[in-house]
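What follows is the content of final30.cif (mmCIF, C-alpha atoms).
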data_data
#
loop_
_atom_site.label_atom_id
_atom_site.label_comp_id
_atom_site.auth_asym_id
_atom_site.auth_seq_id
_atom_site.Cartn_x
_atom_site.Cartn_y
_atom_site.Cartn_z
CA MET A 1 105.06 78.08 165.01
CA ILE A 2 108.46 79.64 164.75
CA SER A 3 109.65 76.91 162.34
CA ARG A 4 106.48 77.16 160.18
CA LEU A 5 106.76 80.94 159.83
CA ALA A 6 110.37 80.61 158.87
CA ARG A 7 109.50 78.22 156.03
CA THR A 8 106.64 80.47 154.87
CA ALA A 9 108.86 83.51 154.78
CA ALA A 10 111.52 81.65 152.90
CA LEU A 11 109.17 80.92 149.96
CA PRO A 12 108.85 84.52 148.68
CA LEU A 13 112.60 84.93 149.09
CA ALA A 14 113.23 81.85 146.90
CA LEU A 15 110.83 83.14 144.24
CA LEU A 16 112.63 86.47 144.19
CA LEU A 17 115.96 84.74 143.71
CA LEU A 18 114.59 82.66 140.82
CA THR A 19 113.10 85.74 139.17
CA ALA A 20 116.41 87.52 139.40
CA CYS A 21 118.23 84.59 137.83
CA ASP A 22 116.02 84.53 134.70
CA GLY A 23 115.99 88.31 134.26
CA GLY A 24 112.47 88.84 135.50
CA GLY A 25 110.84 87.09 132.52
CA GLY A 26 112.41 89.38 129.90
CA GLY A 27 115.61 87.41 129.34
CA GLU A 28 117.37 86.23 126.18
CA LYS A 29 115.38 83.00 125.95
CA ASP A 30 112.03 84.77 125.70
CA ALA A 31 113.49 87.37 123.28
CA GLN A 32 114.20 84.76 120.54
CA PRO A 33 111.65 84.93 117.65
CA LYS A 34 109.54 81.89 116.99
CA ALA A 35 110.54 79.81 113.93
CA GLY A 36 108.30 80.53 110.91
CA PRO A 37 107.06 77.98 108.37
CA THR A 38 109.68 76.61 105.94
CA ARG A 39 109.51 78.27 102.51
CA HIS A 40 109.03 75.90 99.58
CA PRO A 41 112.10 75.90 97.29
CA VAL A 42 109.87 76.42 94.25
CA PHE A 43 106.29 77.43 95.09
CA ASP A 44 107.20 80.23 97.51
CA GLN A 45 109.62 81.90 95.09
CA PRO A 46 108.90 84.59 92.45
CA LEU A 47 106.58 83.15 89.80
CA ASP A 48 108.78 83.84 86.78
CA ARG A 49 111.65 81.79 88.33
CA GLN A 50 109.62 78.76 89.37
CA VAL A 51 110.15 76.64 86.23
CA PHE A 52 113.89 77.26 86.46
CA LEU A 53 113.88 76.35 90.15
CA ALA A 54 111.81 73.24 89.42
CA LEU A 55 114.54 72.16 87.00
CA ARG A 56 117.10 72.58 89.78
CA GLU A 57 114.98 70.51 92.20
CA THR A 58 114.71 67.82 89.51
CA GLN A 59 118.48 67.73 89.20
CA LYS A 60 118.87 67.59 92.99
CA ALA A 61 116.80 64.38 93.00
CA GLY A 62 119.96 62.70 91.68
CA SER A 63 118.45 60.53 88.99
CA ALA A 64 115.30 59.89 86.95
CA SER A 65 113.83 57.87 84.10
CA PHE A 66 112.48 59.73 81.09
CA THR A 67 110.53 59.32 77.86
CA GLN A 68 110.30 62.03 75.23
CA THR A 69 108.46 62.14 71.93
CA VAL A 70 109.13 64.63 69.14
CA SER A 71 106.27 64.74 66.64
CA PHE A 72 106.46 66.10 63.07
CA GLY A 73 102.86 66.37 61.87
CA SER A 74 101.54 66.78 58.33
CA VAL A 75 98.54 65.78 56.21
CA LYS A 76 100.48 62.60 55.32
CA GLY A 77 100.66 61.51 58.96
CA THR A 78 102.89 62.13 61.96
CA ALA A 79 106.52 61.08 62.22
CA VAL A 80 107.50 60.41 65.83
CA GLN A 81 110.93 60.15 67.42
CA THR A 82 110.86 58.43 70.83
CA LEU A 83 113.83 59.05 73.10
CA SER A 84 113.81 57.14 76.39
CA GLY A 85 116.26 56.14 79.07
CA ARG A 86 117.71 56.99 82.48
CA LEU A 87 119.57 59.99 83.85
CA ASP A 88 122.08 60.37 86.67
CA PHE A 89 122.32 64.11 87.25
CA ALA A 90 124.82 63.75 90.09
CA LYS A 91 127.37 61.85 87.99
CA GLY A 92 126.56 63.52 84.66
CA ALA A 93 125.75 60.13 83.11
CA GLY A 94 122.87 58.95 80.96
CA GLU A 95 121.59 56.01 78.95
CA ALA A 96 119.15 56.40 76.06
CA GLY A 97 117.59 54.67 73.08
CA VAL A 98 116.14 56.35 69.99
CA LYS A 99 113.38 54.93 67.80
CA TRP A 100 111.70 56.55 64.82
CA GLN A 101 108.29 55.84 63.32
CA VAL A 102 107.87 57.55 59.95
CA PRO A 103 104.69 57.16 57.86
CA GLU A 104 105.13 55.35 54.54
CA LYS A 105 103.50 58.30 52.79
CA TYR A 106 106.45 60.53 53.68
CA SER A 107 108.81 61.06 50.74
CA ALA A 108 112.33 59.65 50.71
CA GLU A 109 113.66 63.21 51.00
CA VAL A 110 111.74 63.83 54.22
CA ARG A 111 112.78 60.44 55.62
CA LYS A 112 116.43 61.21 54.93
CA THR A 113 116.10 64.62 56.58
CA LEU A 114 114.69 63.06 59.73
CA LEU A 115 116.77 59.86 59.89
CA GLY A 116 119.99 60.92 58.19
CA THR A 117 121.40 59.44 54.99
CA THR A 118 123.31 56.26 54.17
CA PRO A 119 126.15 56.07 51.60
CA GLY A 120 123.56 54.70 49.16
CA ARG A 121 121.48 57.88 49.58
CA ALA A 122 118.78 55.96 51.47
CA PRO A 123 117.19 57.00 54.78
CA GLY A 124 119.35 56.19 57.79
CA THR A 125 118.77 53.79 60.65
CA ALA A 126 115.55 54.19 62.64
CA SER A 127 116.95 52.87 65.92
CA THR A 128 120.09 53.72 67.90
CA GLY A 129 121.36 53.61 71.47
CA PHE A 130 123.96 55.54 73.40
CA LEU A 131 125.58 56.03 76.80
CA VAL A 132 126.90 59.41 77.93
CA ASP A 133 129.13 60.55 80.77
CA ARG A 134 131.34 63.59 81.35
CA GLN A 135 134.33 62.00 79.58
CA ARG A 136 132.93 59.98 76.68
CA ILE A 137 129.99 58.96 74.52
CA HIS A 138 129.30 55.36 73.51
CA TYR A 139 127.14 55.06 70.39
CA ARG A 140 125.59 52.05 68.67
CA ALA A 141 123.34 51.80 65.64
CA ALA A 142 120.83 48.96 65.83
CA SER A 143 122.33 47.44 62.68
CA SER A 144 125.84 47.31 64.17
CA GLY A 145 127.37 44.58 66.28
CA TYR A 146 129.63 46.95 68.19
CA TRP A 147 129.74 50.18 70.17
CA LEU A 148 131.79 53.22 69.18
CA ARG A 149 133.58 55.01 72.02
CA TYR A 150 134.07 58.73 71.59
CA ASP A 151 136.47 60.18 74.16
CA ALA A 152 136.34 63.89 74.98
CA ALA A 153 139.03 64.79 72.45
CA ASP A 154 137.29 62.75 69.73
CA THR A 155 133.99 64.53 70.30
CA LEU A 156 135.57 67.97 70.16
CA ALA A 157 137.58 67.09 67.06
CA ALA A 158 134.59 65.67 65.23
CA GLY A 159 132.12 68.46 66.00
CA ASP A 160 128.48 68.48 64.93
CA GLY A 161 129.25 69.52 61.37
CA THR A 162 131.47 66.56 60.50
CA ASP A 163 130.31 63.69 62.69
CA PRO A 164 126.96 64.49 64.33
CA ILE A 165 127.61 63.10 67.80
CA GLY A 166 128.04 66.08 70.13
CA HIS A 167 124.30 66.77 70.31
CA LEU A 168 123.85 63.51 72.26
CA ARG A 169 125.26 65.23 75.38
CA GLY A 170 123.19 67.93 77.05
CA SER A 171 123.92 70.85 79.37
CA GLU A 172 120.91 70.70 81.70
CA SER A 173 120.68 66.93 81.39
CA PRO A 174 123.36 64.29 80.73
CA VAL A 175 121.42 63.23 77.63
CA GLY A 176 121.09 65.92 74.97
CA GLY A 177 118.07 66.84 72.91
CA THR A 178 115.54 66.80 75.75
CA LEU A 179 113.10 69.52 76.68
CA LEU A 180 115.10 70.11 79.87
CA GLU A 181 117.58 72.08 77.72
CA GLY A 182 114.96 74.77 77.21
CA MET A 183 113.51 74.85 80.71
CA GLY A 184 116.56 76.50 82.25
CA GLY A 185 115.73 79.75 80.48
CA ALA A 186 111.93 79.48 80.61
CA ASP A 187 109.83 82.19 82.27
CA ALA A 188 106.66 81.08 84.03
CA LYS A 189 103.67 83.29 83.15
CA ALA A 190 100.87 81.62 85.11
CA ARG A 191 100.39 78.83 87.65
CA GLN A 192 97.53 76.66 88.81
CA ASP A 193 97.17 73.88 91.32
CA GLY A 194 97.77 70.39 89.99
CA PRO A 195 96.98 66.91 91.29
CA ALA A 196 98.57 65.59 94.52
CA GLU A 197 99.62 69.09 95.69
CA GLY A 198 101.63 69.70 92.54
CA ARG A 199 101.52 72.68 90.19
CA THR A 200 101.10 73.27 86.47
CA TYR A 201 102.73 76.23 84.74
CA ARG A 202 102.16 78.09 81.52
CA ALA A 203 105.56 79.38 80.48
CA GLU A 204 107.62 80.68 77.58
CA MET A 205 110.83 79.05 76.41
CA PRO A 206 113.49 81.14 74.60
CA PHE A 207 113.49 80.73 70.84
CA SER A 208 117.24 80.13 70.73
CA THR A 209 116.98 76.98 72.85
CA GLY A 210 115.15 75.21 70.04
CA TRP A 211 118.47 74.79 68.26
CA ALA A 212 119.97 72.85 71.15
CA MET A 213 117.47 70.03 70.73
CA PHE A 214 118.32 68.92 67.19
CA PRO A 215 121.45 67.67 65.39
CA ALA A 216 123.26 70.14 63.15
CA ASP A 217 122.17 68.59 59.84
CA LEU A 218 118.49 68.76 60.83
CA ARG A 219 118.83 72.37 61.99
CA LYS A 220 119.58 73.35 58.40
CA GLU A 221 115.95 72.57 57.56
CA LEU A 222 114.59 74.59 60.50
CA ALA A 223 114.24 78.26 61.46
CA ALA A 224 115.37 79.86 58.20
CA GLU A 225 114.33 83.29 59.51
CA MET A 226 116.06 83.11 62.87
CA GLY A 227 117.00 86.59 64.09
CA THR A 228 114.09 88.46 62.49
CA ASN A 229 111.60 90.23 64.73
CA ALA A 230 108.92 87.71 63.84
CA ARG A 231 111.06 84.94 65.30
CA GLN A 232 112.05 86.50 68.60
CA ALA A 233 109.05 85.44 70.70
CA GLY A 234 109.58 82.28 72.71
CA PHE A 235 107.88 78.91 72.40
CA PRO A 236 104.75 78.15 74.46
CA LEU A 237 105.63 75.66 77.17
CA THR A 238 103.53 73.77 79.72
CA VAL A 239 105.29 72.28 82.76
CA SER A 240 103.87 70.06 85.53
CA VAL A 241 105.71 69.51 88.83
CA ASP A 242 105.04 67.32 91.87
CA ARG A 243 104.56 68.55 95.43
CA LYS A 244 108.34 68.59 95.95
CA GLY A 245 108.80 70.89 92.97
CA ARG A 246 110.30 68.27 90.61
CA ILE A 247 109.33 68.31 86.93
CA THR A 248 107.11 65.39 85.92
CA HIS A 249 105.97 66.53 82.48
CA GLY A 250 106.68 69.20 79.92
CA ARG A 251 105.23 70.02 76.52
CA ALA A 252 106.44 72.62 74.02
CA ASP A 253 105.04 73.69 70.67
CA LEU A 254 108.04 74.28 68.40
CA SER A 255 106.06 74.70 65.19
CA ARG A 256 107.52 78.15 64.59
CA LEU A 257 110.84 76.44 63.85
CA LEU A 258 109.33 75.06 60.64
CA ARG A 259 109.92 76.60 57.24
CA LYS A 260 107.49 76.80 54.33
CA SER A 261 110.20 75.58 51.96
CA GLY A 262 112.80 72.85 51.90
CA ALA A 263 112.53 69.16 52.71
CA LEU A 264 110.10 69.71 55.60
CA ALA A 265 107.79 72.12 53.76
CA ASP A 266 104.82 69.75 54.20
CA VAL A 267 105.32 69.48 57.97
CA THR A 268 102.88 71.82 59.72
CA SER A 269 103.38 71.03 63.41
CA LEU A 270 106.35 70.23 65.62
CA THR A 271 105.81 69.35 69.27
CA MET A 272 107.92 67.88 72.06
CA ASP A 273 106.57 65.97 75.09
CA LEU A 274 108.76 64.91 78.03
CA THR A 275 107.80 62.72 81.01
CA LEU A 276 110.04 62.12 84.06
CA THR A 277 109.54 59.39 86.69
CA GLY A 278 111.53 57.28 89.18
CA PHE A 279 113.29 60.15 90.94
CA GLY A 280 116.29 58.96 92.92
CA ALA A 281 115.82 55.34 91.89
CA SER A 282 116.87 55.25 88.22
CA LYS A 283 120.49 54.57 87.37
CA PRO A 284 121.87 54.33 83.82
CA ALA A 285 124.22 51.56 82.77
CA ALA A 286 127.79 52.35 83.77
CA ALA A 287 129.36 50.92 80.60
CA PRO A 288 128.30 49.17 77.38
CA THR A 289 128.37 45.41 77.08
CA GLY A 290 129.85 43.61 74.09
CA ASN A 291 132.36 44.75 71.49
CA VAL A 292 133.59 48.35 71.89
CA ARG A 293 135.66 50.12 69.26
CA LYS A 294 137.50 53.39 69.67
CA ALA A 295 135.98 56.01 67.37
CA ALA A 296 139.33 57.70 66.78
CA ASP A 297 140.57 54.50 65.12
CA ALA A 298 137.39 53.31 63.41
CA VAL A 299 135.41 56.37 62.26
CA LEU A 300 136.59 58.24 59.17
CA PRO A 301 135.24 60.28 56.27
CA MET A 302 134.47 58.42 53.06
CA ARG A 303 137.27 60.29 51.25
CA ASP A 304 139.85 58.60 53.50
CA VAL A 305 138.73 55.01 52.87
CA LYS A 306 141.35 53.14 50.85
CA SER A 307 140.44 51.40 47.59
CA GLY A 308 139.05 47.98 48.45
CA GLY A 309 138.07 49.08 51.95
CA CYS A 310 134.68 48.18 53.47
CA VAL A 311 132.59 50.40 55.71
CA ASP A 312 129.48 50.54 57.87
CA SER A 313 127.10 53.47 57.99
CA GLY A 314 124.57 53.84 60.80
CA ARG A 315 125.50 57.52 61.17
CA ARG A 316 123.35 60.56 60.38
CA ALA A 317 125.89 61.75 57.78
CA ALA A 318 126.40 59.64 54.65
CA HIS A 319 130.05 60.65 54.33
CA VAL A 320 130.98 59.58 57.89
CA VAL A 321 131.55 55.82 58.04
CA VAL A 322 133.12 53.08 60.15
CA ASP A 323 135.98 50.93 58.86
CA VAL A 324 135.03 47.22 59.03
CA PRO A 325 136.56 43.99 57.67
CA CYS A 326 135.32 42.94 54.24
CA SER A 327 135.06 39.36 55.54
CA GLY A 328 131.97 40.30 57.53
CA PRO A 329 128.81 42.29 56.79
CA TYR A 330 129.27 45.83 55.49
CA ASP A 331 127.22 48.62 53.90
CA ALA A 332 129.61 49.88 51.22
CA ARG A 333 132.96 49.07 49.59
CA VAL A 334 135.25 51.56 47.89
CA PHE A 335 136.81 50.58 44.56
CA ALA A 336 138.52 53.82 43.48
CA GLN A 337 139.72 57.23 44.69
CA ILE A 338 140.16 59.63 41.75
CA PRO A 339 141.47 63.24 41.71
CA LEU A 340 138.79 65.33 39.98
CA ARG A 341 138.33 69.07 39.44
CA PRO A 342 134.88 70.50 40.19
CA GLY A 343 132.43 71.67 37.55
CA THR A 344 130.93 75.14 37.39
CA THR A 345 127.83 74.03 39.32
CA GLN A 346 127.07 71.39 41.92
CA ALA A 347 125.07 69.40 39.38
CA GLU A 348 127.92 69.48 36.87
CA THR A 349 130.39 68.40 39.55
CA GLN A 350 128.21 65.41 40.46
CA GLU A 351 127.83 64.48 36.78
CA ARG A 352 131.62 64.58 36.31
CA ALA A 353 132.06 62.42 39.41
CA ASP A 354 129.50 59.87 38.17
CA ILE A 355 131.26 59.61 34.81
CA ALA A 356 134.69 59.23 36.43
CA CYS A 357 133.47 56.35 38.60
CA ALA A 358 131.72 54.66 35.67
CA VAL A 359 134.97 54.77 33.67
CA ALA A 360 136.92 53.42 36.65
CA ARG A 361 134.46 50.55 36.97
CA ASP A 362 134.59 49.65 33.27
CA MET A 363 138.31 50.20 32.64
CA ALA A 364 140.07 49.33 35.88
CA GLY A 365 137.55 47.71 38.17
CA PRO A 366 139.02 45.20 40.68
CA ALA A 367 138.31 41.48 40.37
CA TRP A 368 135.86 41.48 43.29
CA LEU A 369 133.64 44.12 41.65
CA PRO A 370 130.36 42.65 40.29
CA LYS A 371 129.81 42.94 36.54
CA SER A 372 126.87 45.34 36.75
CA PRO A 373 126.95 46.94 40.19
CA GLU A 374 125.03 50.01 41.24
CA ILE A 375 127.83 52.43 41.94
CA TRP A 376 127.98 55.74 43.77
CA ALA A 377 130.27 58.75 43.58
CA TRP A 378 131.08 61.07 46.50
CA TRP A 379 133.02 64.20 45.56
CA THR A 380 135.03 66.03 48.23
CA PRO A 381 136.51 69.52 47.67
CA ALA A 382 140.17 70.08 48.47
CA HIS A 383 139.57 72.52 51.34
CA VAL A 384 137.55 69.90 53.24
CA SER A 385 140.41 67.41 52.99
CA GLY A 386 142.72 69.60 55.09
CA PRO A 387 146.15 71.07 54.27
CA GLY A 388 147.50 69.66 51.02
CA GLY A 389 144.17 68.03 50.24
CA LYS A 390 142.91 67.31 46.74
CA ASN A 391 139.61 67.55 44.94
CA LEU A 392 138.67 63.87 45.10
CA VAL A 393 135.84 61.59 44.08
CA THR A 394 135.31 58.36 46.03
CA CYS A 395 133.77 55.54 44.00
CA TYR A 396 131.96 52.78 45.87
CA LEU A 397 129.16 50.24 45.71
CA THR A 398 126.59 49.46 48.39
CA THR A 399 125.25 46.12 49.61
CA LYS A 400 122.20 44.91 51.44
CA ARG A 401 122.84 44.70 55.16
CA GLY A 402 124.29 41.28 55.98
CA ASP A 403 125.94 40.73 52.60
CA SER A 404 129.71 40.46 52.38
#
Is it possible to express this structure as C-alpha cells?
Amino acid sequence: MISRLARTAALPLALLLLTACDGGGGGEKDAQPKAGPTRHPVFDQPLDRQVFLALRETQKAGSASFTQTVSFGSVKGTAVQTLSGRLDFAKGAGEAGVKWQVPEKYSAEVRKTLLGTTPGRAPGTASTGFLVDRQRIHYRAASSGYWLRYDAADTLAAGDGTDPIGHLRGSESPVGGTLLEGMGGADAKARQDGPAEGRTYRAEMPFSTGWAMFPADLRKELAAEMGTNARQAGFPLTVSVDRKGRITHGRADLSRLLRKSGALADVTSLTMDLTLTGFGASKPAAAPTGNVRKAADAVLPMRDVKSGGCVDSGRRAAHVVVDVPCSGPYDARVFAQIPLRPGTTQAETQERADIACAVARDMAGPAWLPKSPEIWAWWTPAHVSGPGGKNLVTCYLTTKRGDS
C-alpha cells in the first residue's frame, strides 16, 4: 500500500511540473497566430491594378507562344496583319513572323501605307521574319536569301525615322508591336468570372500607348488630332486571364486612332487581338540559320549607292536598301547620281528630278542599261545627306524579283 500511494501522489506532482514547463498553457507556442489563406497575386489585389499585375505574372511565367492579328476594316474588306511567334521574357528574346492579307479592292496607296514602299513605288513585302534579343535584331524579308543583323549601335543610329527597325523590339515584351505594350498602363474597370477559375476584365488602355504598336511611317497616317481633349480618353480593352493570373487573351478597339483624311480615310475600324499559350514551354530560336549579313555594312540609303550598284528592298522605306551583287537577283540598279537644286514645290522638284534622270539615260547611260527602261528618280535634300551633303537625285531602274 505504501508503494502504491507513493506512485499515486507522484502523478499530480509530475503534472504540475509539466504545466510549469509549458507556461501553464499560455506560452509562446499557443500565442502564435494561425496562418491565413495565401492571397492571390492578381485576384486579391485592388481591381484597377489587376491587369497590370496579370502582365507581371505573364512575364514571370518565363516564356510563351503568341498570335496577334491587327485588322483594318472598311467597306472594301478587311486587311489583316498576323504576327506570331515565341517569347522568352526571362532572357529578353523573341522570334516572330509577320504576314499580311490585303484585299485586292484596296488601292495601291493604302497597300503601300500598310506594307511599306519599294524603290519602284510598289507595295512592300507581305511577309517578314525577325529574331530579337537585348543586344541585336535579326531581320529577313521573305524575298531575301539572307538575314540582316542589327547590333545595338546600328539600331540606335538608324532610328525609326530612317530605317524602320526599332519598333520590332518591345518594352513589356521582347517582340514589339504587341498588345502587351498597352497593358502595362491599363486600368481595370470591371471583372467577372471566366472559365476554369480565370477572370475576364473590362479595362481602359492609355491613348498614348497606341503609338508604340506601329512603325513610325504608319503612325503618320494615324491620330492626327493627338493631344486634343477629344483624343484623351483611353482605348476600350478586354483581357482574359487564367486561374494563375496569366494573360491568355486581349482585345483592343483602336479605331479612334483613324483619321477621316489621308491614305487610310476609307478605313473605319482598327482592332487588335492577342492570344498567349504555352507558358513556360515556348522558347524562341537562339540565332538565325543561313546567311547573315551585318546591317552596318549592307544597309544604306539610296542616295549613297554608287552608280552601277545593285540593291534589294524588302524594307518598309523605299529609300532604305541593301547592297547586293549585280551577278545575283536584285530589285533596283542605280545608273546615275546627279547634283540637283530643288524646285519651289515638291511636285516641281520631282519633275526636275525625272527630267534629269531621263537626260542621263539618253545622253550618258551605261552599256548595261536597257534601251527603253522604266526609270525612277529619288531626290534627297542636302540637309538629309549630313554635313557637307548635296541636293542629289538618284537615278535607277527596277527589275522583277529574280532578274539580274
- Message: Please enumerate the residues selected by the PyMOL selection byres ((chain A and resi 167-175) around 6) when evaluated against the supplied file, formatted as number ranges by chain.
- Response: A: 92-94, 165-166, 176, 181, 215
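The interatomic distance for the pair CA of His249 in chain A and CA of Ile137 in chain A works out to 26.4 Å.
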- Smallest atom-to-atom distance to Gly124 in chain A: which of A:Leu397, A:Ala318, A:Leu47, A:Ala54, using all atoms listed in the file? A:Ala318
- Using the chain letters and numbers from the file, give me the residues hit by the PyMOL selection byres ((chain A and resi 138) around 6), as a list in words.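 Checking the PyMOL selection byres ((chain A and resi 138) around 6) against this file, the residues are Phe130, Leu131, Ile137, Tyr139, Leu148 and Arg149 of chain A.
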- Note on the structure: re CA of Asp187 in chain A and CA of Gln50 in chain A: distance 7.9 Å
- Query: With distances taken over all atoms listed in the file, which of A:Ala126, A:Glu104, A:Lys244, A:Thr113 is nearest to Lys220 in chain A?
  - Reply: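 Counting all atoms listed in the file, the residue closest to Lys220 in chain A is A:Thr113.
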Applying the PyMOL selection byres ((chain A and resi 390-395) around 6) to the file I just gave you, which residues come out? Please list them as a CSV table (one decimal) with C-alpha atoms, in the frame of the given file.
chain,number,residue,atom,x,y,z
A,303,ARG,CA,137.3,60.3,51.2
A,334,VAL,CA,135.2,51.6,47.9
A,335,PHE,CA,136.8,50.6,44.6
A,336,ALA,CA,138.5,53.8,43.5
A,337,GLN,CA,139.7,57.2,44.7
A,338,ILE,CA,140.2,59.6,41.8
A,339,PRO,CA,141.5,63.2,41.7
A,340,LEU,CA,138.8,65.3,40.0
A,341,ARG,CA,138.3,69.1,39.4
A,357,CYS,CA,133.5,56.4,38.6
A,376,TRP,CA,128.0,55.7,43.8
A,377,ALA,CA,130.3,58.8,43.6
A,378,TRP,CA,131.1,61.1,46.5
A,379,TRP,CA,133.0,64.2,45.6
A,380,THR,CA,135.0,66.0,48.2
A,381,PRO,CA,136.5,69.5,47.7
A,382,ALA,CA,140.2,70.1,48.5
A,389,GLY,CA,144.2,68.0,50.2
A,396,TYR,CA,132.0,52.8,45.9
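Counting from CA of Thr349 in chain A, the distance to CA of Arg259 in chain A is 28.3 Å.
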- Message: Can you tell me which residues surround Leu55 in chain A at a distance of at most 9 Å, considering all atoms listed in the file, apart from same-chain residues fewer than 5 positions away, and format the answer as a PyMOL selection string?
- Response: chain A and resi 50+60+172+180+183-184+245-247
- Neighbour list for Thr67 in chain A as JSON, numbers by chain, cut-off 8 Å, all atoms listed in the file, skip fewer than 2 positions in-chain: {"A": [65, 69, 82, 83, 84, 85, 274, 275, 276]}
For a cutoff of 12 Å around the file-coordinate point (98.8, 60.5, 65.5), which residues qualify once you count all atoms listed in the file? I'd like the result as a compact mmCIF listing (two decimals) with C-alpha atoms, in the coordinates of the input.
# COMPACT_ATOMS: atom_id res chain seq x y z
CA THR A 69 108.46 62.14 71.93
CA VAL A 70 109.13 64.63 69.14
CA SER A 71 106.27 64.74 66.64
CA PHE A 72 106.46 66.10 63.07
CA GLY A 73 102.86 66.37 61.87
CA SER A 74 101.54 66.78 58.33
CA VAL A 75 98.54 65.78 56.21
CA LYS A 76 100.48 62.60 55.32
CA GLY A 77 100.66 61.51 58.96
CA THR A 78 102.89 62.13 61.96
CA ALA A 79 106.52 61.08 62.22
CA VAL A 80 107.50 60.41 65.83
CA GLN A 101 108.29 55.84 63.32
CA VAL A 102 107.87 57.55 59.95
CA PRO A 103 104.69 57.16 57.86
CA SER A 269 103.38 71.03 63.41
CA THR A 271 105.81 69.35 69.27
- Item | Which residue of A:Glu351, A:Asp154, A:Glu197, A:Asp331 approaches Ala122 in chain A most closely, using only C-alpha atoms |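 That would be A:Asp331, the residue with the smallest distance to Ala122 in chain A.
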- Message: Ranking A:Met205, A:Ile375, A:Ala281, A:Val292 by minimum distance to Ala356 in chain A and counting only C-alpha atoms, which one comes first?
- Response: A:Ile375
